[in-house]
Amino acid sequence: MSNAAETPNLMEALVSLAKRRGFIYPSSEIYGGLNGFFDYGPLGVELKRNIRDCWWRDMVHRREDVVGIETSIIMHPKVWEASGHVAGFTDPLVDCKVSKQRYRADQLFFAAVVIDGKTVGYVSALESENTAGELQAAAEQLKRKKAIQGALEPVKVREFTEATADEIPLIPSPATGEPGSLTPPRAFNMMFETNVGALKDASSVSYLRPETAQGMFVDFKNVVDTTRVKLPFGIAQIGKSFRNEITPRNFIFRSREFEQMEMEYFIHPDADWLACHEEWLKWCQDWLISIGLPASHLSLHEHPKEKLAFYSRRTVDIMFKYPFGVQELWGIAARSDYDLQQHQKFSGVPQVFFDEAAKAKVVPHVIEPAVGVDRIFLAVLASAYAVEDVKDEKGNVEQRTVLRLSPRIAPTKVAVLPLLKNKEQLTNRAKALYTKLKKRYAVQYDDGGAIGKRYRRQDEAGTPWCVTIDFDTIEKEGDTFTLRERDSMAQRRITESELFALLEEQVY
Ligand code: ATP
């Protein structure tokens with residue numbers, strides 16, 4: 001069996017499966033697609049919705065201290081001045097004047113090529129799992145090309161953001177391999193601008209939100225005034241965010257339109273924020289495991305103190321081992337009272353909570369777990385995908401592709417399969433079961449083709465169970481069906497009430 005980690009070109013396999021089975025299509029494909037935008041097909045939309053629904057149920061319904069909201073995507077432009085996004089939501093952009101390619105300076109690396117202590121040129125490479133190896137190989141190639149004798153020193157990898165003004169003209173563009181065409185990095189604001197109303201001038205400029213979090217801060221007072229929340233409490237939201245990413249890549253990992261699930265947990269300024277931060281860190285990891293991500297693929301990255309935003313006391317990212325490397329999945333930040341203080345300052349409206357014990361108004365501090373639905377989707381697909389050798393009914397070895405999705409998030413929970421299409425007794429019983437099941441669950445009815453083929457189709461779509469209505473169902477006592485499990489492929493007899501009990505237990 002080969003699983004996610006062992007499949008060569010796993011990303012290619014995932015992109016192809018996603019397209020073939022209707023999980024994800026490129027956006028506007030008939031017009032050639034639009035870089036950084038995607039559509040979710042019939043299976044994809046179910047999987048994505050299930051991820052969102054599980055999070056909402058666990059985060060909002062099943063907790064007593066979190067409420068949900070949904071705020072508008074376009075907000076008053078002052079929101080983004082107060083939050084610091086207008087001035088500072090930027091990435092360092094580098095242009096290649098010859099190829100017209102654009103790079104993020106913090107994803108572009110270079111090294112001096114030093115032979116016998118003397119710099120003889122520069123090499124560059126884009127961020128990858130083996131940037132240092134690529135730079136070293138490029139340095140050796142340059143040495144050969146220039147036919148310089150002597151000892152080549154091991155390369156020292158540096159980010160393009162650290163290049164000096166003298167070095168920039170000497171660093172080759174990754175697109176052309178030649179130096180002289182890269183510009184110095186400049187701050188590029190990632191917010192999408194638009195105009196609200198009929199006038200298109202500076203006064204009508206607004207932004208598509210680059211994060212959902214500000215909605216929770218701006219509505220903090222509304223929630224406090226209209227509900228019975230008490231500190232500590234959280235406000236959660238799921239919704240679309242937009243970032244004009246310089247280099248959207250890795251399929252849906254970094255796109256320009258994506259969906260976030262964020263929660264602002266407001267705590268008393270004197271509360272033990274570190275303990276609270278730790279609790280949320282654990283909660284988020286446990287939740288990812290509860291929807292089927294393997295714990296072995298998760299790790300933590302603590303942001304070093306010197307790289308923290310000035311208002312952040314601590315930020316830890318939950319990292320996931322994606323096919324293209326270990327990358328951020330979920331950021332958990334302790335943001336102090338920065339956001340509420342900023343909105344208080346810019347709006348002139350107090351952003352306070354009345355502390356009954358101290359009989360005083362306080363501006364709460366906040367712990368923020370922020371995650372992207374699409375990044376969870378990709379992590380789920382990558383870790384669920386497997387190709388295995390199995391035997392068919394005649395004992396011949398064949399390959400099956402299977403998505404081992406957790407029943408919590410699988411797009412289809414059960415496939416109902418009458419053994420034969422043209423036996424009314426079988427199809428009537430199958431349709432009766434199907435009709436009953438679909439009142440509560442996403443199920444499919446499939447009577448097309450050999451039963452083995454139908455199992456394979458469901459395996460590839462990640463359906464955890466197939467139920468076959470066969471001659472034993474109608475001829476023997478007990479009204480039982482064959483339940484076939486996706487992962488083990490084991491089969492057993494089951495009654496209708498046992499099937500409902502199984503679903504009740506596993507789909508939560
Ligand atoms: P990165 O460093 O990868 O750009 P970030 O630190 O800017 O991410 P946050 O602003 O903390 O990300 O956003 C919270 C979460 O939103 C991220 O952990 C990620 O899951 C998701 N996210 C951010 N940017 C994108 C994007 N362009 N495409 C898809 N998901 C994203």
# chains A, B, ... in the order shown; residues from 1 in each chain; ligands from 1
$ residues_near_ligand --ligand "ligand 1" --cutoff "9 Å" --atoms "only C-alpha atoms and all ligand atoms" --output "number ranges by chain"
A: 36, 210-211, 241-245, 248-249, 252-262, 317-319, 327-333, 369-376
$ select_by_dssp --residues "region 64-142 of chain A" --states "alpha helix (DSSP H)" --output "list in words"
Pro77, Lys78, Val79, Trp80, Glu81, Ala82, His85, Val86, Ala87, Gly88, Thr131, Ala132, Gly133, Glu134, Leu135, Gln136, Ala137, Ala138, Ala139, Glu140, Gln141 and Leu142 of chain A
$ write_last_selection --atoms "N, CA and C atoms" --output "mmCIF file, in the first residue's frame"
data_model
loop_
_atom_site.group_PDB
_atom_site.id
_atom_site.type_symbol
_atom_site.label_atom_id
_atom_site.label_comp_id
_atom_site.auth_asym_id
_atom_site.auth_seq_id
_atom_site.Cartn_x
_atom_site.Cartn_y
_atom_site.Cartn_z
ATOM 1 N N PRO A 77 -14.087 51.592 5.545
ATOM 2 C CA PRO A 77 -12.627 51.609 5.314
ATOM 3 C C PRO A 77 -11.811 51.962 6.561
ATOM 4 N N LYS A 78 -12.436 52.685 7.498
ATOM 5 C CA LYS A 78 -11.716 53.058 8.741
ATOM 6 C C LYS A 78 -11.307 51.807 9.532
ATOM 7 N N VAL A 79 -12.101 50.732 9.390
ATOM 8 C CA VAL A 79 -11.784 49.489 10.105
ATOM 9 C C VAL A 79 -10.355 49.073 9.795
ATOM 10 N N TRP A 80 -10.000 49.196 8.506
ATOM 11 C CA TRP A 80 -8.695 48.692 8.067
ATOM 12 C C TRP A 80 -7.574 49.673 8.347
ATOM 13 N N GLU A 81 -7.962 50.943 8.598
ATOM 14 C CA GLU A 81 -6.949 51.905 9.081
ATOM 15 C C GLU A 81 -6.650 51.585 10.537
ATOM 16 N N ALA A 82 -7.730 51.384 11.311
ATOM 17 C CA ALA A 82 -7.554 51.108 12.742
ATOM 18 C C ALA A 82 -6.781 49.810 12.960
ATOM 19 N N HIS A 85 -4.123 47.422 8.711
ATOM 20 C CA HIS A 85 -3.968 46.753 7.410
ATOM 21 C C HIS A 85 -3.635 47.726 6.274
ATOM 22 N N VAL A 86 -4.202 48.947 6.309
ATOM 23 C CA VAL A 86 -3.933 49.887 5.208
ATOM 24 C C VAL A 86 -2.443 50.219 5.171
ATOM 25 N N ALA A 87 -1.881 50.426 6.339
ATOM 26 C CA ALA A 87 -0.462 50.806 6.375
ATOM 27 C C ALA A 87 0.462 49.600 6.290
ATOM 28 N N GLY A 88 0.021 48.485 6.851
ATOM 29 C CA GLY A 88 1.034 47.441 7.045
ATOM 30 C C GLY A 88 0.736 46.045 6.536
ATOM 31 N N THR A 131 16.041 24.237 -0.531
ATOM 32 C CA THR A 131 16.606 25.465 -1.076
ATOM 33 C C THR A 131 18.132 25.447 -0.983
ATOM 34 N N ALA A 132 18.655 25.021 0.161
ATOM 35 C CA ALA A 132 20.124 25.032 0.352
ATOM 36 C C ALA A 132 20.803 24.125 -0.670
ATOM 37 N N GLY A 133 20.224 22.942 -0.893
ATOM 38 C CA GLY A 133 20.792 21.991 -1.861
ATOM 39 C C GLY A 133 20.783 22.578 -3.272
ATOM 40 N N GLU A 134 19.668 23.254 -3.611
ATOM 41 C CA GLU A 134 19.577 23.842 -4.959
ATOM 42 C C GLU A 134 20.606 24.947 -5.146
ATOM 43 N N LEU A 135 20.795 25.758 -4.092
ATOM 44 C CA LEU A 135 21.775 26.849 -4.193
ATOM 45 C C LEU A 135 23.193 26.298 -4.312
ATOM 46 N N GLN A 136 23.468 25.237 -3.546
ATOM 47 C CA GLN A 136 24.799 24.623 -3.589
ATOM 48 C C GLN A 136 25.067 24.066 -4.999
ATOM 49 N N ALA A 137 24.058 23.401 -5.575
ATOM 50 C CA ALA A 137 24.222 22.830 -6.919
ATOM 51 C C ALA A 137 24.438 23.949 -7.945
ATOM 52 N N ALA A 138 23.679 25.051 -7.770
ATOM 53 C CA ALA A 138 23.825 26.176 -8.704
ATOM 54 C C ALA A 138 25.217 26.795 -8.571
ATOM 55 N N ALA A 139 25.734 26.840 -7.339
ATOM 56 C CA ALA A 139 27.084 27.405 -7.121
ATOM 57 C C ALA A 139 28.138 26.545 -7.817
ATOM 58 N N GLU A 140 27.983 25.232 -7.699
ATOM 59 C CA GLU A 140 28.949 24.329 -8.348
ATOM 60 C C GLU A 140 28.897 24.497 -9.867
ATOM 61 N N GLN A 141 27.669 24.674 -10.368
ATOM 62 C CA GLN A 141 27.504 24.852 -11.824
ATOM 63 C C GLN A 141 28.176 26.149 -12.293
ATOM 64 N N LEU A 142 28.003 27.198 -11.477
ATOM 65 C CA LEU A 142 28.615 28.487 -11.844
ATOM 66 C C LEU A 142 30.134 28.370 -11.868
#
$ closest_residue --among "A:Leu182, A:Ala18, A:Cys96, A:Ser383" --to "Ser296 (chain A)" --atoms "only C-alpha atoms"
A:Ser383
$ closest_residue --among "A:Ala450, A:Leu126, A:Ala334, A:Ala309" --to "Asp106 (chain A)" --atoms "only C-alpha atoms"
A:Leu126
$ closest_atom_pairs --of "region 31-139 of chain A" --to "region 237-240 of chain A" --cutoff "12 Å" --atoms "only C-alpha atoms" --output "JSON lines"
{"residue": "A:Lys48", "atom": "CA", "partner": "A:Ile238", "partner_atom": "CA", "distance": 11.9}
{"residue": "A:Arg49", "atom": "CA", "partner": "A:Ile238", "partner_atom": "CA", "distance": 10.9}
{"residue": "A:Ile51", "atom": "CA", "partner": "A:Ile238", "partner_atom": "CA", "distance": 11.0}
{"residue": "A:Arg52", "atom": "CA", "partner": "A:Ile238", "partner_atom": "CA", "distance": 7.6}
{"residue": "A:Asp53", "atom": "CA", "partner": "A:Ile238", "partner_atom": "CA", "distance": 9.9}
{"residue": "A:Cys54", "atom": "CA", "partner": "A:Ile238", "partner_atom": "CA", "distance": 11.8}
{"residue": "A:Trp55", "atom": "CA", "partner": "A:Ile238", "partner_atom": "CA", "distance": 9.3}
{"residue": "A:Trp56", "atom": "CA", "partner": "A:Ile238", "partner_atom": "CA", "distance": 8.3}
{"residue": "A:Met59", "atom": "CA", "partner": "A:Gln237", "partner_atom": "CA", "distance": 10.0}
{"residue": "A:Val60", "atom": "CA", "partner": "A:Gln237", "partner_atom": "CA", "distance": 9.5}
{"residue": "A:Val66", "atom": "CA", "partner": "A:Gln237", "partner_atom": "CA", "distance": 10.4}
{"residue": "A:Val67", "atom": "CA", "partner": "A:Gln237", "partner_atom": "CA", "distance": 8.8}
{"residue": "A:Gly68", "atom": "CA", "partner": "A:Gln237", "partner_atom": "CA", "distance": 5.8}
{"residue": "A:Ile69", "atom": "CA", "partner": "A:Gln237", "partner_atom": "CA", "distance": 5.4}
{"residue": "A:Glu70", "atom": "CA", "partner": "A:Gln237", "partner_atom": "CA", "distance": 5.8}
{"residue": "A:Thr71", "atom": "CA", "partner": "A:Gln237", "partner_atom": "CA", "distance": 7.9}
{"residue": "A:Ser72", "atom": "CA", "partner": "A:Gly239", "partner_atom": "CA", "distance": 9.2}
{"residue": "A:Ile73", "atom": "CA", "partner": "A:Lys240", "partner_atom": "CA", "distance": 7.4}
{"residue": "A:Ile74", "atom": "CA", "partner": "A:Lys240", "partner_atom": "CA", "distance": 10.8}
$ write_last_selection --atoms "C-alpha atoms" --output "CSV table (one decimal), in the first residue's frame"
chain,number,residue,atom,x,y,z
A,48,LYS,CA,-15.9,21.7,2.8
A,49,ARG,CA,-19.4,22.2,4.3
A,51,ILE,CA,-15.5,20.7,7.8
A,52,ARG,CA,-17.2,24.0,8.5
A,53,ASP,CA,-20.2,22.4,10.2
A,54,CYS,CA,-18.0,20.2,12.5
A,55,TRP,CA,-16.1,23.3,13.5
A,56,TRP,CA,-19.2,25.3,14.1
A,59,MET,CA,-16.8,25.6,18.6
A,60,VAL,CA,-20.2,27.3,19.0
A,66,VAL,CA,-18.6,31.0,22.5
A,67,VAL,CA,-21.2,32.8,20.3
A,68,GLY,CA,-21.3,33.0,16.5
A,69,ILE,CA,-21.7,36.0,14.1
A,70,GLU,CA,-21.5,36.7,10.4
A,71,THR,CA,-20.3,40.1,9.4
A,72,SER,CA,-20.2,41.8,6.0
A,73,ILE,CA,-17.2,41.2,3.7
A,74,ILE,CA,-16.9,44.9,2.8
$ atom_distance --atom1 "CA of Ser497 (chain A)" --atom2 "CA of Thr480 (chain A)"
9.8 Å
$ residues_around --residues "region 411-417 of chain A" --least-positions-apart "3" --cutoff "8 Å" --atoms "only C-alpha atoms" --output "ChimeraX atom specification"
/A:43-44,46-47,50,407,430,433-434,441-447,451,458,461-469
$ write_last_selection --atoms "N, CA, C and O atoms" --output "mmCIF file, in the first residue's frame"
data_model
loop_
_atom_site.group_PDB
_atom_site.id
_atom_site.type_symbol
_atom_site.label_atom_id
_atom_site.label_comp_id
_atom_site.auth_asym_id
_atom_site.auth_seq_id
_atom_site.Cartn_x
_atom_site.Cartn_y
_atom_site.Cartn_z
ATOM 1 N N LEU A 43 -18.772 16.999 -4.884
ATOM 2 C CA LEU A 43 -18.215 16.303 -3.710
ATOM 3 C C LEU A 43 -17.444 17.272 -2.823
ATOM 4 O O LEU A 43 -17.484 17.193 -1.591
ATOM 5 N N GLY A 44 -16.720 18.197 -3.460
ATOM 6 C CA GLY A 44 -15.908 19.164 -2.701
ATOM 7 C C GLY A 44 -16.751 20.051 -1.810
ATOM 8 O O GLY A 44 -16.393 20.315 -0.657
ATOM 9 N N GLU A 46 -19.524 19.396 -0.439
ATOM 10 C CA GLU A 46 -20.006 18.636 0.726
ATOM 11 C C GLU A 46 -18.905 18.487 1.767
ATOM 12 O O GLU A 46 -19.121 18.678 2.966
ATOM 13 N N LEU A 47 -17.706 18.142 1.289
ATOM 14 C CA LEU A 47 -16.581 17.963 2.215
ATOM 15 C C LEU A 47 -16.271 19.271 2.944
ATOM 16 O O LEU A 47 -16.088 19.302 4.165
ATOM 17 N N ASN A 50 -18.900 20.118 5.443
ATOM 18 C CA ASN A 50 -18.793 19.261 6.633
ATOM 19 C C ASN A 50 -17.680 19.732 7.568
ATOM 20 O O ASN A 50 -17.811 19.663 8.789
ATOM 21 N N PRO A 407 -15.655 9.648 8.908
ATOM 22 C CA PRO A 407 -17.114 9.738 8.669
ATOM 23 C C PRO A 407 -17.683 11.104 9.043
ATOM 24 O O PRO A 407 -18.702 11.523 8.506
ATOM 25 N N ALA A 430 -34.059 -1.382 -1.551
ATOM 26 C CA ALA A 430 -32.934 -0.431 -1.551
ATOM 27 C C ALA A 430 -33.451 1.003 -1.556
ATOM 28 O O ALA A 430 -32.957 1.862 -0.812
ATOM 29 N N LEU A 433 -34.816 2.055 1.865
ATOM 30 C CA LEU A 433 -33.741 2.362 2.818
ATOM 31 C C LEU A 433 -33.111 3.712 2.478
ATOM 32 O O LEU A 433 -32.878 4.560 3.355
ATOM 33 N N TYR A 434 -32.859 3.916 1.189
ATOM 34 C CA TYR A 434 -32.241 5.156 0.713
ATOM 35 C C TYR A 434 -33.091 6.377 1.107
ATOM 36 O O TYR A 434 -32.596 7.374 1.634
ATOM 37 N N TYR A 441 -29.053 12.014 6.398
ATOM 38 C CA TYR A 441 -27.640 11.974 6.009
ATOM 39 C C TYR A 441 -27.476 12.181 4.509
ATOM 40 O O TYR A 441 -28.416 11.931 3.744
ATOM 41 N N ALA A 442 -26.263 12.584 4.118
ATOM 42 C CA ALA A 442 -25.939 12.666 2.693
ATOM 43 C C ALA A 442 -25.624 11.248 2.226
ATOM 44 O O ALA A 442 -24.614 10.667 2.637
ATOM 45 N N VAL A 443 -26.506 10.669 1.423
ATOM 46 C CA VAL A 443 -26.308 9.287 0.970
ATOM 47 C C VAL A 443 -26.470 9.234 -0.542
ATOM 48 O O VAL A 443 -27.010 10.157 -1.156
ATOM 49 N N GLN A 444 -25.995 8.162 -1.130
ATOM 50 C CA GLN A 444 -26.128 7.998 -2.579
ATOM 51 C C GLN A 444 -26.772 6.666 -2.900
ATOM 52 O O GLN A 444 -26.558 5.689 -2.173
ATOM 53 N N TYR A 445 -27.498 6.655 -4.000
ATOM 54 C CA TYR A 445 -28.076 5.417 -4.507
ATOM 55 C C TYR A 445 -27.326 5.093 -5.790
ATOM 56 O O TYR A 445 -27.192 5.942 -6.664
ATOM 57 N N ASP A 446 -26.796 3.902 -5.890
ATOM 58 C CA ASP A 446 -26.022 3.578 -7.093
ATOM 59 C C ASP A 446 -26.345 2.151 -7.540
ATOM 60 O O ASP A 446 -26.067 1.189 -6.817
ATOM 61 N N ASP A 447 -26.931 2.031 -8.732
ATOM 62 C CA ASP A 447 -27.248 0.687 -9.232
ATOM 63 C C ASP A 447 -26.511 0.404 -10.547
ATOM 64 O O ASP A 447 -26.833 -0.539 -11.253
ATOM 65 N N ILE A 451 -20.856 -4.867 -8.837
ATOM 66 C CA ILE A 451 -20.795 -4.394 -7.444
ATOM 67 C C ILE A 451 -19.373 -3.956 -7.070
ATOM 68 O O ILE A 451 -19.175 -2.938 -6.403
ATOM 69 N N GLN A 458 -17.039 4.395 -4.813
ATOM 70 C CA GLN A 458 -17.291 4.993 -3.497
ATOM 71 C C GLN A 458 -15.997 5.145 -2.704
ATOM 72 O O GLN A 458 -15.831 6.106 -1.964
ATOM 73 N N ALA A 461 -14.351 8.273 -3.617
ATOM 74 C CA ALA A 461 -15.078 9.456 -3.144
ATOM 75 C C ALA A 461 -15.038 9.554 -1.617
ATOM 76 O O ALA A 461 -15.555 10.501 -1.038
ATOM 77 N N GLY A 462 -14.428 8.556 -0.967
ATOM 78 C CA GLY A 462 -14.271 8.621 0.491
ATOM 79 C C GLY A 462 -15.493 8.180 1.283
ATOM 80 O O GLY A 462 -15.584 8.450 2.488
ATOM 81 N N THR A 463 -16.444 7.498 0.647
ATOM 82 C CA THR A 463 -17.662 7.052 1.354
ATOM 83 C C THR A 463 -17.304 5.938 2.354
ATOM 84 O O THR A 463 -16.799 4.891 1.943
ATOM 85 N N PRO A 464 -17.547 6.142 3.648
ATOM 86 C CA PRO A 464 -17.076 5.156 4.636
ATOM 87 C C PRO A 464 -17.778 3.800 4.555
ATOM 88 O O PRO A 464 -17.179 2.790 4.865
ATOM 89 N N TRP A 465 -19.076 3.788 4.145
ATOM 90 C CA TRP A 465 -19.794 2.512 4.142
ATOM 91 C C TRP A 465 -20.630 2.345 2.873
ATOM 92 O O TRP A 465 -21.237 3.307 2.389
ATOM 93 N N CYS A 466 -20.664 1.106 2.393
ATOM 94 C CA CYS A 466 -21.619 0.736 1.349
ATOM 95 C C CYS A 466 -22.568 -0.296 1.950
ATOM 96 O O CYS A 466 -22.140 -1.184 2.697
ATOM 97 N N VAL A 467 -23.843 -0.168 1.610
ATOM 98 C CA VAL A 467 -24.825 -1.140 2.073
ATOM 99 C C VAL A 467 -25.419 -1.822 0.848
ATOM 100 O O VAL A 467 -25.965 -1.147 -0.028
ATOM 101 N N THR A 468 -25.249 -3.129 0.754
ATOM 102 C CA THR A 468 -25.764 -3.856 -0.408
ATOM 103 C C THR A 468 -27.025 -4.623 -0.033
ATOM 104 O O THR A 468 -27.049 -5.333 0.975
ATOM 105 N N ILE A 469 -28.046 -4.418 -0.843
ATOM 106 C CA ILE A 469 -29.300 -5.145 -0.641
ATOM 107 C C ILE A 469 -29.226 -6.351 -1.584
ATOM 108 O O ILE A 469 -29.164 -6.199 -2.806
#
$ select_by_dssp --residues "region 326-431 of chain A" --states "strand (DSSP E or B)" --output "number ranges by chain"
A: 326-334, 353-355, 360-362, 365-372, 385-391, 397-403, 414-418
$ residues_around --residues "Ser336 (chain A)" --least-positions-apart "4" --cutoff "8 Å" --atoms "only C-alpha atoms" --output "ChimeraX atom specification"
/A:311-313,365-367
$ closest_residue --among "A:Leu10, A:Pro232, A:Val15, A:Ala386" --to "Asp272 (chain A)" --atoms "only C-alpha atoms"
A:Pro232
$ residues_around --residues "Ile24 (chain A)" --least-positions-apart "2" --cutoff "7 Å" --atoms "only C-alpha atoms" --output "ChimeraX atom specification"
/A:18-19,22,26,38-41,44
$ closest_residue --among "A:Ala236, A:Ile246, A:Arg440, A:Tyr338" --to "Asn189 (chain A)" --atoms "only C-alpha atoms"
A:Ile246
$ closest_residue --among "A:Glu159, A:Asp58, A:Asp355, A:Asp225" --to "Cys284 (chain A)" --atoms "only C-alpha atoms"
A:Asp58
$ closest_residue --among "A:Ser27, A:Thr90, A:Asn222, A:Ser290" --to "Phe188 (chain A)" --atoms "only C-alpha atoms"
A:Thr90
$ residues_around --residues "Pro184 (chain A)" --least-positions-apart "2" --cutoff "9 Å" --atoms "only C-alpha atoms" --output "ChimeraX atom specification"
/A:93-95,105,160-161,163-165,168-169,182,186
$ atom_distance --atom1 "CA of Phe37 (chain A)" --atom2 "CA of Ser299 (chain A)"
28.1 Å
